[in-house]
$ cat data_14.txt   # compact mmCIF, C-alpha atoms and all ligand atoms
# COMPACT_ATOMS: atom_id res chain seq x y z
CA MET A 1 0.00 0.00 0.00
CA SER A 2 1.46 3.34 -0.99
CA GLU A 3 0.44 6.73 0.24
CA THR A 4 1.49 10.12 -1.09
CA THR A 5 1.38 13.22 1.03
CA GLN A 6 1.22 16.82 -0.10
CA GLN A 7 3.23 18.06 2.83
CA GLN A 8 6.50 16.73 4.02
CA ALA A 9 6.14 15.29 7.52
CA LYS A 10 7.36 17.62 10.21
CA LYS A 11 10.40 16.51 12.09
CA GLN A 12 9.88 15.67 15.75
CA VAL A 13 12.62 16.76 18.14
CA PRO A 14 12.72 15.84 21.85
CA LEU A 15 12.75 18.90 24.11
CA ARG A 16 15.84 17.41 25.74
CA PRO A 17 18.03 14.73 24.15
CA ASP A 18 18.55 11.29 25.69
CA ILE A 19 15.46 11.42 27.92
CA PHE A 20 12.92 9.25 26.04
CA THR A 21 12.43 7.21 22.88
CA LEU A 22 10.48 8.54 19.91
CA PRO A 23 8.39 5.46 19.09
CA GLY A 24 7.56 4.19 15.65
CA PRO A 25 4.02 3.22 14.62
CA GLY A 26 2.45 0.85 17.14
CA GLU A 27 5.21 1.37 19.69
CA LYS A 28 4.94 3.08 23.07
CA PRO A 29 7.38 5.76 24.23
CA ARG A 30 9.83 4.73 26.95
CA LEU A 31 12.06 6.70 29.28
CA LEU A 32 15.78 6.21 28.83
CA GLY A 33 16.99 5.07 32.24
CA CYS A 34 19.47 2.54 33.48
CA ARG A 35 19.68 -0.60 35.61
CA CYS A 36 22.28 -1.82 38.06
CA PRO A 37 23.46 -5.32 37.04
CA GLN A 38 24.57 -5.99 40.64
CA CYS A 39 21.47 -5.14 42.71
CA GLY A 40 18.82 -4.69 39.98
CA GLU A 41 17.79 -1.16 40.94
CA HIS A 42 16.60 1.17 38.14
CA PHE A 43 17.32 4.90 37.76
CA PHE A 44 16.08 7.82 35.69
CA PRO A 45 17.69 9.88 34.33
CA ARG A 46 20.75 7.80 33.51
CA ARG A 47 23.65 7.87 35.94
CA ARG A 48 27.01 6.17 36.30
CA ILE A 49 27.05 4.94 39.91
CA CYS A 50 24.28 2.93 41.61
CA LEU A 51 22.70 4.74 44.56
CA GLY A 52 21.68 1.37 46.00
CA CYS A 53 25.01 -0.46 46.13
CA GLY A 54 27.67 1.87 44.72
CA HIS A 55 28.32 -0.33 41.68
CA GLN A 56 29.81 1.47 38.69
CA GLY A 57 28.86 0.55 35.14
CA LEU A 58 25.09 0.72 35.01
CA GLU A 59 23.36 -0.72 31.95
CA PRO A 60 21.00 1.34 29.73
CA ALA A 61 17.36 0.37 30.28
CA GLU A 62 14.10 1.61 28.78
CA LEU A 63 11.56 2.35 31.53
CA GLY A 64 7.78 2.71 31.64
CA PRO A 65 5.46 3.50 29.99
CA ARG A 66 3.17 2.74 32.98
CA GLY A 67 3.23 3.90 36.57
CA ARG A 68 1.09 5.24 39.42
CA VAL A 69 0.70 8.77 40.79
CA SER A 70 2.46 8.98 44.18
CA THR A 71 1.53 12.62 44.77
CA TYR A 72 0.72 15.70 42.71
CA THR A 73 0.04 19.42 42.82
CA ILE A 74 -1.86 21.82 40.57
CA VAL A 75 0.11 24.84 39.35
CA HIS A 76 -1.89 28.04 38.76
CA GLN A 77 0.90 30.59 38.21
CA LYS A 78 2.89 30.82 34.98
CA THR A 79 6.61 30.85 35.68
CA ALA A 80 9.12 32.82 33.59
CA GLY A 81 10.19 30.88 30.52
CA SER A 82 7.61 28.13 30.96
CA LEU A 83 6.21 26.57 27.77
CA VAL A 84 3.14 25.30 29.63
CA GLU A 85 -0.02 27.31 30.31
CA PRO A 86 -1.53 26.98 33.79
CA PRO A 87 -3.43 25.39 35.34
CA TYR A 88 -1.49 22.15 35.02
CA ALA A 89 -0.71 19.20 37.26
CA ILE A 90 2.80 18.09 38.19
CA ALA A 91 2.97 14.61 39.63
CA GLN A 92 5.49 12.23 41.07
CA VAL A 93 4.90 9.03 39.13
CA ARG A 94 6.27 5.72 40.41
CA LEU A 95 7.05 3.61 37.35
CA THR A 96 6.52 -0.14 37.29
CA GLU A 97 10.30 -0.50 37.72
CA GLY A 98 10.13 1.48 41.00
CA VAL A 99 11.71 4.70 39.71
CA VAL A 100 9.95 7.93 40.73
CA VAL A 101 9.71 10.48 37.89
CA GLN A 102 8.45 14.05 38.18
CA SER A 103 6.21 14.83 35.23
CA LEU A 104 3.30 16.85 33.94
CA LEU A 105 -0.04 15.08 33.73
CA THR A 106 -2.36 15.49 30.73
CA GLU A 107 -5.18 16.07 33.23
CA SER A 108 -5.33 19.26 35.33
CA ASP A 109 -8.75 18.83 36.97
CA PRO A 110 -8.10 17.76 40.60
CA ALA A 111 -11.45 15.93 40.60
CA LYS A 112 -10.00 13.54 37.99
CA ILE A 113 -6.63 12.92 39.68
CA ARG A 114 -6.00 10.79 42.74
CA CYS A 115 -2.94 9.35 44.39
CA GLY A 116 -2.44 5.74 43.36
CA MET A 117 -4.15 6.10 39.98
CA GLU A 118 -2.52 4.31 37.06
CA VAL A 119 -1.02 6.51 34.38
CA GLU A 120 0.74 5.95 31.07
CA MET A 121 3.48 7.96 29.42
CA VAL A 122 2.51 9.89 26.28
CA LEU A 123 4.38 12.31 24.06
CA GLU A 124 2.99 15.75 23.21
CA LYS A 125 4.05 18.65 21.05
CA ILE A 126 4.76 21.61 23.31
CA GLY A 127 6.06 24.09 20.76
CA GLU A 128 8.38 24.55 17.79
CA ASN A 129 12.07 25.24 17.55
CA ALA A 130 13.73 27.83 15.27
CA GLU A 131 13.67 25.32 12.35
CA LYS A 132 9.87 24.87 12.82
CA ASP A 133 10.36 21.29 13.96
CA ASP A 134 7.88 20.05 16.56
CA LEU A 135 9.34 20.06 20.08
CA ILE A 136 8.17 16.95 21.91
CA ALA A 137 7.95 16.38 25.66
CA PHE A 138 6.58 13.52 27.76
CA LYS A 139 3.61 13.59 30.11
CA PHE A 140 1.53 10.96 31.87
CA ARG A 141 -2.18 10.44 31.28
CA PRO A 142 -4.71 8.48 33.31
CA VAL A 143 -5.16 4.92 32.02
ZN ZN B 201 23.26 -1.47 42.57

$ encode --input "data_14.txt" --output "structure tokens"
Amino acid sequence: MSETTQQQAKKQVPLRPDIFTLPGPGEKPRLLGCRCPQCGEHFFPRRRICLGCGHQGLEPAELGPRGRVSTYTIVHQKTAGSLVEPPYAIAQVRLTEGVVVQSLLTESDPAKIRCGMEVEMVLEKIGENAEKDDLIAFKFRPV
């Protein structure tokens, strides 16, 4: 099956490099973390020395995309330089691997957020860079 498009597809660029995967069709995004081969603990972002046992030489590991909200807060004030319009929710999400990640949620209505709820990582366009490429960041949405 072939498909022609009038417009060339816009390039997607992660807001920060080496933080998450840009998935292909049918794939889910994952966070780029690491795992200690000695004690099995996972970390995000990547680091060189294990905080659990001090082992050096951690292995790259893709983490997520699922986790649970540990705690959250709703932000109502726009901070200088922020790309996000308030109100928005920032949560601490405990991934299945045990790593706690601070992240925006797609949901900002406190009536629809609760501690312990299951969430899944998604990628969203949050702006454009100087080359008009889409800048992509990760968030978590309720499952
Ligand atoms: Zn370790």

$ closest_atom_pairs --input "data_14.txt" --of "chain A" --to "ligand ZN 201 (chain B)" --cutoff "9 Å" --atoms "only C-alpha atoms and all ligand atoms" --output "tab-separated table"
residue	atom	partner	partner_atom	distance
A:Arg35	CA	B:ZN201	ZN	7.9
A:Cys36	CA	B:ZN201	ZN	4.6
A:Pro37	CA	B:ZN201	ZN	6.7
A:Gln38	CA	B:ZN201	ZN	5.1
A:Cys39	CA	B:ZN201	ZN	4.1
A:Gly40	CA	B:ZN201	ZN	6.1
A:Glu41	CA	B:ZN201	ZN	5.7
A:His42	CA	B:ZN201	ZN	8.4
A:Ile49	CA	B:ZN201	ZN	7.9
A:Cys50	CA	B:ZN201	ZN	4.6
A:Leu51	CA	B:ZN201	ZN	6.5
A:Gly52	CA	B:ZN201	ZN	4.7
A:Cys53	CA	B:ZN201	ZN	4.1
A:Gly54	CA	B:ZN201	ZN	5.9
A:His55	CA	B:ZN201	ZN	5.3
A:Gln56	CA	B:ZN201	ZN	8.2
A:Leu58	CA	B:ZN201	ZN	8.1

$ residues_around --input "data_14.txt" --residues "Lys10 (chain A)" --least-positions-apart "6" --cutoff "10 Å" --atoms "only C-alpha atoms" --output "mmCIF file with C-alpha atoms, in the frame of the given file"
data_model
loop_
_atom_site.group_PDB
_atom_site.id
_atom_site.type_symbol
_atom_site.label_atom_id
_atom_site.label_comp_id
_atom_site.auth_asym_id
_atom_site.auth_seq_id
_atom_site.Cartn_x
_atom_site.Cartn_y
_atom_site.Cartn_z
ATOM 1 C CA LYS A 132 9.870 24.870 12.820
ATOM 2 C CA ASP A 133 10.360 21.290 13.960
ATOM 3 C CA ASP A 134 7.880 20.050 16.560
#

$ residues_around --input "data_14.txt" --residues "Pro23 (chain A)" --least-positions-apart "3" --cutoff "12 Å" --atoms "all atoms listed in the file" --output "VMD selection string"
chain A and resid 12 14 20 26 to 31 62 65 121 to 123 136 138

$ atom_distance --input "data_14.txt" --atom1 "CA of Asp109 (chain A)" --atom2 "CA of Leu15 (chain A)"
25.1 Å

$ residues_near_point --input "data_14.txt" --point "(-3.4, 17.6, 44.6)" --cutoff "9 Å" --atoms "only C-alpha atoms" --output "PyMOL selection string"
chain A and resi 71-74+89-91+110+113-115

$ atom_distance --input "data_14.txt" --atom1 "CA of Lys125 (chain A)" --atom2 "CA of Gly67 (chain A)"
21.4 Å

$ axis_aligned_box --input "data_14.txt" --around "region 67-72 of chain A" --padding-each-side "8 Å" --output "lines of an AutoDock Vina configuration file"
center_x = 2.0
center_y = 9.8
center_z = 40.7
size_x = 18.5
size_y = 27.8
size_z = 24.2

$ residues_around --input "data_14.txt" --residues "Gly33 (chain A)" --least-positions-apart "4" --cutoff "12 Å" --atoms "only C-alpha atoms" --output "MDAnalysis selection string"
chainID A and resid 18:21 41:48 58:65 95 97:101

$ write_last_selection --input "data_14.txt" --atoms "C-alpha atoms" --output "compact mmCIF listing (two decimals), in the coordinates of the input"
# COMPACT_ATOMS: atom_id res chain seq x y z
CA ASP A 18 18.55 11.29 25.69
CA ILE A 19 15.46 11.42 27.92
CA PHE A 20 12.92 9.25 26.04
CA THR A 21 12.43 7.21 22.88
CA GLU A 41 17.79 -1.16 40.94
CA HIS A 42 16.60 1.17 38.14
CA PHE A 43 17.32 4.90 37.76
CA PHE A 44 16.08 7.82 35.69
CA PRO A 45 17.69 9.88 34.33
CA ARG A 46 20.75 7.80 33.51
CA ARG A 47 23.65 7.87 35.94
CA ARG A 48 27.01 6.17 36.30
CA LEU A 58 25.09 0.72 35.01
CA GLU A 59 23.36 -0.72 31.95
CA PRO A 60 21.00 1.34 29.73
CA ALA A 61 17.36 0.37 30.28
CA GLU A 62 14.10 1.61 28.78
CA LEU A 63 11.56 2.35 31.53
CA GLY A 64 7.78 2.71 31.64
CA PRO A 65 5.46 3.50 29.99
CA LEU A 95 7.05 3.61 37.35
CA GLU A 97 10.30 -0.50 37.72
CA GLY A 98 10.13 1.48 41.00
CA VAL A 99 11.71 4.70 39.71
CA VAL A 100 9.95 7.93 40.73
CA VAL A 101 9.71 10.48 37.89

$ closest_residue --input "data_14.txt" --among "A:Lys11, A:Arg141, A:His76, A:Arg68" --to "Tyr88 (chain A)" --atoms "all atoms listed in the file"
A:His76

$ closest_residue --input "data_14.txt" --among "A:Lys139, A:Arg66, A:Lys78, A:Arg16" --to "Leu104 (chain A)" --atoms "all atoms listed in the file"
A:Lys139

$ residues_around --input "data_14.txt" --residues "Val143 (chain A)" --least-positions-apart "3" --cutoff "8 Å" --atoms "all atoms listed in the file" --output "short mmCIF file (atom, residue, chain, number, x, y, z; two decimals) with C-alpha atoms, in the coordinates of the input"
data_model
loop_
_atom_site.label_atom_id
_atom_site.label_comp_id
_atom_site.auth_asym_id
_atom_site.auth_seq_id
_atom_site.Cartn_x
_atom_site.Cartn_y
_atom_site.Cartn_z
CA GLU A 118 -2.52 4.31 37.06
CA VAL A 119 -1.02 6.51 34.38
CA GLU A 120 0.74 5.95 31.07
#

$ atom_distance --input "data_14.txt" --atom1 "CA of Ser70 (chain A)" --atom2 "CA of Met117 (chain A)"
8.3 Å

$ closest_residue --input "data_14.txt" --among "A:Ala111, A:Leu105, A:Leu22, A:Leu135" --to "Val69 (chain A)" --atoms "all atoms listed in the file"
A:Leu105
